[in-house]
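Below is one structure, written out as structure tokens, with a few remarks after it.
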Amino acid sequence: MLDPSLPPLRIPTFDDVLAARARISGAAHKTPVLTSRTADARVGASLFFKAENLQRGGAFKFRGAYNAIAALEAGVRQNGVVAYSSGNHAQAVAYAARLQGVSATIVMPKDAPEIKIAATKGYGAEIVFYDRYTENRAEISHRLAAQQRAALIPPYDHPDVIAGQGTAALELIEEVGAIDMLVVPLGGGGLLAGCALAARATAPACTIVGVEPEAGNDGQQSLRKGEVVRIPVPKSIADGALTTHLGAHNFPILKDKVDDIVTVSDAQLLETVRFFAERMKLVVEPTGCLAAAAVMHGTVACAGKRVGIVLSGGNVDLKVLAALLGER
């Protein structure tokens with residue numbers, strides 16, 4: 001059911017992705033596409049890693065946040081924006097709002113990573129905390145938005161957010177050419193939906209796969225059932241993918257354009273975090289490793305193919321990273 005506090009249902013298209021690219025040009029980084037001979041040899045494929053961990057704010061979320069704020073009418077922008085997020089969308093909205101001279105209030109869980117809380121505060125946003133296991137972040141955000149007469153920018157269930165996220169795949173394919181497969185992390189579905197729009201338009205024959213943590217496979221269940229499935233709040237080290245359901249704006253896109261959704265374990269995510277740190281000298285948070293973990297552990301069969309992989313973020317507390325790298 002569509003959230004009544006959101007704009008009328010408008011399913012974004014590839015034209016919206018192109019419009020988003022124009023809006024965020026000069027603001028969002030065109031992140032590099034990285035390769036690794038070691039990774040290629042391990043999988044037997046040509047892998048192209050879109051390094052959104054090097055995006056402004058440390059994650060792909062900046063694309064959608066900046067686009068959504070830039071698309072607001074002036075009369076709406078003056079009242080500011082409200083968002084809810086476990087971290088990366090929080091930072092992205094806070095940063096994008098500051099760059100555009102817009103005030104921001106962010107609803108964050110009390111147990112969000114310290115580095116993400118600090119960054120969100122550092123970008124000038126006001127933070128309202130909640131308990132993710134006993135309180136409803138959407139309800140809190142709706143109430144605040146109504147009180148402030150501000151625009152609500154959800155982390156994934158918004159057409160302009162989805163369109164902005166799709167620019168990551170658009171850049172990837174434009175840089176490396178035709179790909180046989182695109183593998184994308186999946187939490188709430190905004191990144192995967194946006195990337196699917198871009199991939200179907202620019203590499204129509206490629207296979208599109210989303211990847212979730214094992215503990216939170218609501219997207220996998222939804223795709224196979226043909227309707228949005230809701231689950232309890234999952235627990236995983238992939239803190240950016242602890243969503244309970246897909247969005248009304250993105251599920252129709254996923255159902256129409258995504259070929260499969262698979263899952264990976266926390267142990268596989270840990271090993272992938274370690275691989276990027278040791279072999280590619282990259283800091284990639286566990287959520288950001290979802291797609292890569294599926295490819296590098298054989299969950300997705302891609303031998304002999306050209307595979308685009310989105311590394312969705314790198315915002316991990318250094319103490320947590322040290323603990324993760326120390327686990328064997």
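Each chain of the structure tokens is named A, B, ... in the order shown, its residues numbered from 1; ligands are numbered from 1 in display order.
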Show which residues sit within 8 Å of Pro234 in chain A, as an MDAnalysis selection string. Count only C-alpha atoms, and ignore same-chain residues fewer than 4 positions away. chainID A and resid 215:216 242:244
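Every protein, DNA or RNA residue with an atom at most 8 Å from range 18-32 of chain A, where only C-alpha atoms count and chain neighbours fewer than 6 positions away do not, is listed here: A:Lys50, A:Ala51, A:Glu52, A:Leu54, A:Gln55, A:Arg56, A:Phe62, A:Arg63, A:Tyr66, A:Asn67, A:Ala70, A:Asp160, A:Ala163, A:Gly164, A:Thr167, A:Glu171.
If you measure from each of A:Asp218, A:Ile115, A:Leu311, A:Val262 to Leu282 in chain A using only C-alpha atoms, the closest one turns out to be A:Leu311.
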Between A:Ala322, A:Leu47, A:Ala119, A:Ile140, which is the closest to Leu172 in chain A once you count only C-alpha atoms?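 Smallest distance to Leu172 in chain A is found for A:Leu47.
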I'd like the neighbourhood of Ala151 in chain A as a ChimeraX atom specification, where a residue qualifies if any of its atoms comes within 7 Å (using only C-alpha atoms), though same-chain residues fewer than 5 positions away should be ignored. /A:76,80-82,145
Can you pull out every residue from range 85-154 of chain A that DSSP, working from the backbone, puts in strand (DSSP E or B), and format the result as number ranges by chain? A: 104-109, 126-130, 151-152
Based on the selection just made, write N, CA, C and O atoms of those residues as a PDB file, in the first residue's frame.
ATOM      1  N   ALA A 104      17.832  20.130   7.172  1.00  0.00           N
ATOM      2  CA  ALA A 104      17.508  18.703   7.159  1.00  0.00           C
ATOM      3  C   ALA A 104      17.359  18.158   8.577  1.00  0.00           C
ATOM      4  O   ALA A 104      18.159  18.470   9.461  1.00  0.00           O
ATOM      5  N   THR A 105      16.327  17.353   8.768  1.00  0.00           N
ATOM      6  CA  THR A 105      16.131  16.601  10.010  1.00  0.00           C
ATOM      7  C   THR A 105      16.171  15.118   9.656  1.00  0.00           C
ATOM      8  O   THR A 105      15.456  14.688   8.743  1.00  0.00           O
ATOM      9  N   ILE A 106      16.985  14.353  10.359  1.00  0.00           N
ATOM     10  CA  ILE A 106      17.173  12.944  10.032  1.00  0.00           C
ATOM     11  C   ILE A 106      16.767  12.065  11.215  1.00  0.00           C
ATOM     12  O   ILE A 106      17.232  12.275  12.343  1.00  0.00           O
ATOM     13  N   VAL A 107      15.923  11.091  10.966  1.00  0.00           N
ATOM     14  CA  VAL A 107      15.507  10.114  11.974  1.00  0.00           C
ATOM     15  C   VAL A 107      16.412   8.891  11.830  1.00  0.00           C
ATOM     16  O   VAL A 107      16.415   8.231  10.783  1.00  0.00           O
ATOM     17  N   MET A 108      17.194   8.596  12.876  1.00  0.00           N
ATOM     18  CA  MET A 108      18.180   7.514  12.817  1.00  0.00           C
ATOM     19  C   MET A 108      17.984   6.550  13.988  1.00  0.00           C
ATOM     20  O   MET A 108      17.598   6.966  15.087  1.00  0.00           O
ATOM     21  N   PRO A 109      18.283   5.255  13.792  1.00  0.00           N
ATOM     22  CA  PRO A 109      18.199   4.308  14.913  1.00  0.00           C
ATOM     23  C   PRO A 109      19.294   4.572  15.937  1.00  0.00           C
ATOM     24  O   PRO A 109      20.390   5.000  15.589  1.00  0.00           O
ATOM     25  N   GLU A 126      19.911  17.975  11.887  1.00  0.00           N
ATOM     26  CA  GLU A 126      19.398  17.673  13.220  1.00  0.00           C
ATOM     27  C   GLU A 126      19.015  16.203  13.244  1.00  0.00           C
ATOM     28  O   GLU A 126      18.348  15.715  12.316  1.00  0.00           O
ATOM     29  N   ILE A 127      19.413  15.462  14.274  1.00  0.00           N
ATOM     30  CA  ILE A 127      19.129  14.035  14.356  1.00  0.00           C
ATOM     31  C   ILE A 127      18.086  13.752  15.433  1.00  0.00           C
ATOM     32  O   ILE A 127      18.171  14.265  16.543  1.00  0.00           O
ATOM     33  N   VAL A 128      17.107  12.938  15.078  1.00  0.00           N
ATOM     34  CA  VAL A 128      16.117  12.442  16.019  1.00  0.00           C
ATOM     35  C   VAL A 128      16.300  10.924  16.089  1.00  0.00           C
ATOM     36  O   VAL A 128      16.194  10.241  15.056  1.00  0.00           O
ATOM     37  N   PHE A 129      16.589  10.376  17.268  1.00  0.00           N
ATOM     38  CA  PHE A 129      16.858   8.954  17.401  1.00  0.00           C
ATOM     39  C   PHE A 129      15.588   8.158  17.706  1.00  0.00           C
ATOM     40  O   PHE A 129      14.644   8.670  18.300  1.00  0.00           O
ATOM     41  N   TYR A 130      15.606   6.874  17.301  1.00  0.00           N
ATOM     42  CA  TYR A 130      14.495   5.963  17.601  1.00  0.00           C
ATOM     43  C   TYR A 130      15.050   4.560  17.811  1.00  0.00           C
ATOM     44  O   TYR A 130      16.207   4.267  17.454  1.00  0.00           O
ATOM     45  N   ALA A 151       9.549  18.546   3.217  1.00  0.00           N
ATOM     46  CA  ALA A 151       9.441  17.446   2.256  1.00  0.00           C
ATOM     47  C   ALA A 151      10.049  16.192   2.856  1.00  0.00           C
ATOM     48  O   ALA A 151      11.161  16.229   3.407  1.00  0.00           O
ATOM     49  N   LEU A 152       9.338  15.085   2.759  1.00  0.00           N
ATOM     50  CA  LEU A 152       9.855  13.808   3.242  1.00  0.00           C
ATOM     51  C   LEU A 152      10.585  13.105   2.105  1.00  0.00           C
ATOM     52  O   LEU A 152      10.035  12.923   1.014  1.00  0.00           O
TER      53      LEU A 152
END
Could you pull out the helix (DSSP H, G or I) residues of range 261-318 of chain A, going by DSSP on the backbone, and write them as a PyMOL selection string? chain A and resi 266-279+287-296+318
Could you check the closest approach to Gly122 in chain A for each of A:Ser103, A:Gln91, A:Ser85, A:Thr134 and tell me which residue wins, using only C-alpha atoms?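 Nearest to Gly122 in chain A: A:Gln91.
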Near Thr38 in chain A, counting only C-alpha atoms, which residues have an atom at most 12 Å away, once you skip same-chain residues fewer than 4 positions from it, shown as a list in words?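 Near neighbours after the sequence-gap exclusion: Arg42, Val43, Gly44, Ala45, Ser46, Leu47, Phe275, Phe276, Glu278, Arg279, Met280 and Met296 of chain A.
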Might you pull out every residue within 7 Å of range 177-186 of chain A, with only C-alpha atoms counted and same-chain residues fewer than 3 positions away left off, and present them as JSON, numbers by chain? {"A": [173, 174, 189, 192, 203, 206, 207, 208, 209, 210, 211, 212, 241, 288, 290, 291, 305, 306, 307, 308, 309, 310, 312]}
Could you take the residues named above and write them with all heavy atoms, as a compact mmCIF listing (two decimals), in the first residue's frame?
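In the end it all went to again_24.txt:
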# COMPACT_ATOMS: atom_id res chain seq x y z
N ILE A 173 28.12 1.40 -17.27
CA ILE A 173 27.97 0.82 -18.60
C ILE A 173 28.53 1.74 -19.67
O ILE A 173 29.14 1.28 -20.65
CB ILE A 173 26.49 0.48 -18.86
CG1 ILE A 173 26.04 -0.62 -17.88
CG2 ILE A 173 26.26 0.03 -20.30
CD1 ILE A 173 24.55 -0.85 -17.85
N GLU A 174 28.38 3.04 -19.51
CA GLU A 174 28.96 3.96 -20.49
C GLU A 174 30.48 3.88 -20.49
O GLU A 174 31.11 4.04 -21.54
CB GLU A 174 28.51 5.39 -20.18
CG GLU A 174 27.06 5.67 -20.53
CD GLU A 174 26.63 7.09 -20.22
OE1 GLU A 174 27.30 7.76 -19.40
OE2 GLU A 174 25.61 7.53 -20.79
N GLY A 189 15.54 -1.39 -2.15
CA GLY A 189 15.24 -1.54 -3.56
C GLY A 189 15.45 -0.33 -4.43
O GLY A 189 15.30 -0.41 -5.66
N LEU A 192 18.77 -0.91 -6.70
CA LEU A 192 18.54 -1.96 -7.70
C LEU A 192 17.54 -1.52 -8.76
O LEU A 192 17.74 -1.76 -9.95
CB LEU A 192 18.06 -3.24 -7.01
CG LEU A 192 17.78 -4.44 -7.92
CD1 LEU A 192 19.01 -4.80 -8.75
CD2 LEU A 192 17.31 -5.64 -7.11
N ALA A 203 22.02 -1.71 -21.83
CA ALA A 203 22.56 -3.05 -22.05
C ALA A 203 21.41 -4.04 -21.92
O ALA A 203 21.36 -4.84 -20.98
CB ALA A 203 23.67 -3.37 -21.06
N CYS A 206 21.56 -7.82 -20.81
CA CYS A 206 22.29 -8.27 -19.63
C CYS A 206 21.34 -8.85 -18.58
O CYS A 206 20.16 -8.48 -18.50
CB CYS A 206 23.12 -7.13 -19.03
SG CYS A 206 22.24 -5.99 -17.98
N THR A 207 21.88 -9.76 -17.79
CA THR A 207 21.14 -10.34 -16.66
C THR A 207 21.32 -9.43 -15.46
O THR A 207 22.44 -9.01 -15.15
CB THR A 207 21.69 -11.74 -16.34
OG1 THR A 207 21.51 -12.59 -17.48
CG2 THR A 207 20.96 -12.35 -15.15
N ILE A 208 20.23 -9.12 -14.78
CA ILE A 208 20.27 -8.21 -13.63
C ILE A 208 19.94 -9.00 -12.37
O ILE A 208 18.89 -9.64 -12.29
CB ILE A 208 19.29 -7.04 -13.80
CG1 ILE A 208 19.60 -6.26 -15.09
CG2 ILE A 208 19.34 -6.12 -12.58
CD1 ILE A 208 18.58 -5.19 -15.41
N VAL A 209 20.85 -8.93 -11.38
CA VAL A 209 20.69 -9.70 -10.15
C VAL A 209 20.85 -8.78 -8.94
O VAL A 209 21.80 -7.99 -8.87
CB VAL A 209 21.73 -10.83 -10.06
CG1 VAL A 209 21.55 -11.62 -8.77
CG2 VAL A 209 21.61 -11.76 -11.27
N GLY A 210 19.93 -8.88 -8.00
CA GLY A 210 20.05 -8.18 -6.74
C GLY A 210 20.55 -9.13 -5.66
O GLY A 210 20.31 -10.34 -5.74
N VAL A 211 21.23 -8.58 -4.64
CA VAL A 211 21.80 -9.42 -3.58
C VAL A 211 21.44 -8.85 -2.20
O VAL A 211 21.73 -7.69 -1.91
CB VAL A 211 23.32 -9.55 -3.70
CG1 VAL A 211 23.85 -10.55 -2.67
CG2 VAL A 211 23.73 -9.97 -5.11
N GLU A 212 20.86 -9.69 -1.36
CA GLU A 212 20.46 -9.32 0.00
C GLU A 212 21.23 -10.15 1.02
O GLU A 212 21.77 -11.22 0.70
CB GLU A 212 18.96 -9.63 0.22
CG GLU A 212 18.01 -8.84 -0.64
CD GLU A 212 16.57 -9.27 -0.37
OE1 GLU A 212 16.23 -10.43 -0.65
OE2 GLU A 212 15.80 -8.43 0.11
N ALA A 241 21.20 -2.71 4.91
CA ALA A 241 20.19 -3.50 4.19
C ALA A 241 19.20 -4.15 5.14
O ALA A 241 18.58 -5.15 4.81
CB ALA A 241 20.88 -4.57 3.33
N GLY A 288 28.00 -2.75 1.39
CA GLY A 288 28.57 -2.44 0.08
C GLY A 288 29.15 -3.64 -0.62
O GLY A 288 29.36 -3.62 -1.84
N LEU A 290 27.71 -6.70 -0.69
CA LEU A 290 26.69 -7.71 -0.99
C LEU A 290 26.83 -8.28 -2.40
O LEU A 290 26.89 -9.51 -2.58
CB LEU A 290 25.29 -7.11 -0.81
CG LEU A 290 24.79 -6.97 0.62
CD1 LEU A 290 23.57 -6.06 0.69
CD2 LEU A 290 24.45 -8.34 1.22
N ALA A 291 26.87 -7.42 -3.40
CA ALA A 291 26.94 -7.90 -4.79
C ALA A 291 28.25 -8.63 -5.06
O ALA A 291 28.27 -9.70 -5.68
CB ALA A 291 26.77 -6.73 -5.75
N LYS A 305 31.93 -14.32 -18.30
CA LYS A 305 31.09 -13.15 -18.61
C LYS A 305 31.76 -11.84 -18.19
O LYS A 305 32.69 -11.82 -17.40
CB LYS A 305 29.73 -13.29 -17.90
CG LYS A 305 28.93 -14.48 -18.35
CD LYS A 305 27.60 -14.58 -17.61
CE LYS A 305 26.80 -15.78 -18.09
NZ LYS A 305 25.50 -15.91 -17.35
N ARG A 306 31.24 -10.76 -18.77
CA ARG A 306 31.62 -9.42 -18.35
C ARG A 306 30.57 -8.96 -17.34
O ARG A 306 29.39 -8.85 -17.67
CB ARG A 306 31.65 -8.46 -19.55
CG ARG A 306 32.81 -8.73 -20.51
CD ARG A 306 32.66 -7.95 -21.81
NE ARG A 306 32.43 -6.52 -21.60
CZ ARG A 306 33.39 -5.61 -21.39
NH1 ARG A 306 34.67 -6.00 -21.36
NH2 ARG A 306 33.10 -4.33 -21.23
N VAL A 307 31.03 -8.71 -16.11
CA VAL A 307 30.09 -8.50 -15.01
C VAL A 307 30.32 -7.15 -14.33
O VAL A 307 31.42 -6.86 -13.86
CB VAL A 307 30.23 -9.62 -13.95
CG1 VAL A 307 29.18 -9.44 -12.85
CG2 VAL A 307 30.11 -10.99 -14.60
N GLY A 308 29.29 -6.35 -14.29
CA GLY A 308 29.33 -5.09 -13.56
C GLY A 308 28.86 -5.33 -12.14
O GLY A 308 27.85 -6.00 -11.92
N ILE A 309 29.60 -4.80 -11.15
CA ILE A 309 29.29 -5.00 -9.74
C ILE A 309 29.30 -3.65 -9.04
O ILE A 309 30.30 -2.91 -9.13
CB ILE A 309 30.33 -5.93 -9.07
CG1 ILE A 309 30.34 -7.31 -9.75
CG2 ILE A 309 30.05 -6.07 -7.58
CD1 ILE A 309 31.50 -8.19 -9.31
N VAL A 310 28.23 -3.33 -8.36
CA VAL A 310 28.18 -2.06 -7.63
C VAL A 310 28.65 -2.28 -6.20
O VAL A 310 28.11 -3.12 -5.47
CB VAL A 310 26.75 -1.48 -7.62
CG1 VAL A 310 26.72 -0.19 -6.81
CG2 VAL A 310 26.27 -1.22 -9.05
N SER A 312 28.41 -0.51 -3.04
CA SER A 312 27.49 0.58 -2.75
C SER A 312 27.94 1.57 -1.68
O SER A 312 27.42 2.69 -1.64
CB SER A 312 26.12 0.01 -2.36
OG SER A 312 26.22 -0.84 -1.24
Report, in Å to a single decimal, how far apart CA of Lys319 in chain A and CA of Gln165 in chain A are. 28.9 Å
With a distance cut-off of 8 Å and only C-alpha atoms, select the neighbouring residues of Ala65 in chain A, excluding the residue or stretch itself and same-chain residues fewer than 5 positions from it, and output the selection as a CSV table (one decimal) with N, CA and C atoms, in the first residue's frame.
chain,number,residue,atom,x,y,z
A,89,HIS,N,21.9,7.0,3.8
A,89,HIS,CA,20.9,7.9,3.3
A,89,HIS,C,20.9,9.2,4.2
A,92,ALA,N,23.8,11.2,3.2
A,92,ALA,CA,23.6,11.8,1.9
A,92,ALA,C,22.6,12.9,1.9
A,93,VAL,N,21.5,12.8,2.6
A,93,VAL,CA,20.5,13.9,2.6
A,93,VAL,C,21.1,15.1,3.4
A,96,ALA,N,23.7,16.6,1.0
A,96,ALA,CA,23.1,17.2,-0.2
A,96,ALA,C,22.3,18.4,0.2
A,153,ILE,N,11.8,12.7,2.4
A,153,ILE,CA,12.6,12.0,1.4
A,153,ILE,C,13.0,10.7,1.9
A,161,VAL,N,14.6,9.6,-5.9
A,161,VAL,CA,15.7,8.9,-5.3
A,161,VAL,C,16.1,7.7,-6.1
A,164,GLY,N,18.0,8.9,-9.3
A,164,GLY,CA,19.3,9.3,-9.0
A,164,GLY,C,20.2,8.1,-8.8
Please identify all polymer residues within 9 Å of Ala196 in chain A, counting only C-alpha atoms, omitting same-chain residues fewer than 4 positions from it, and present them as a count of residues only. 12
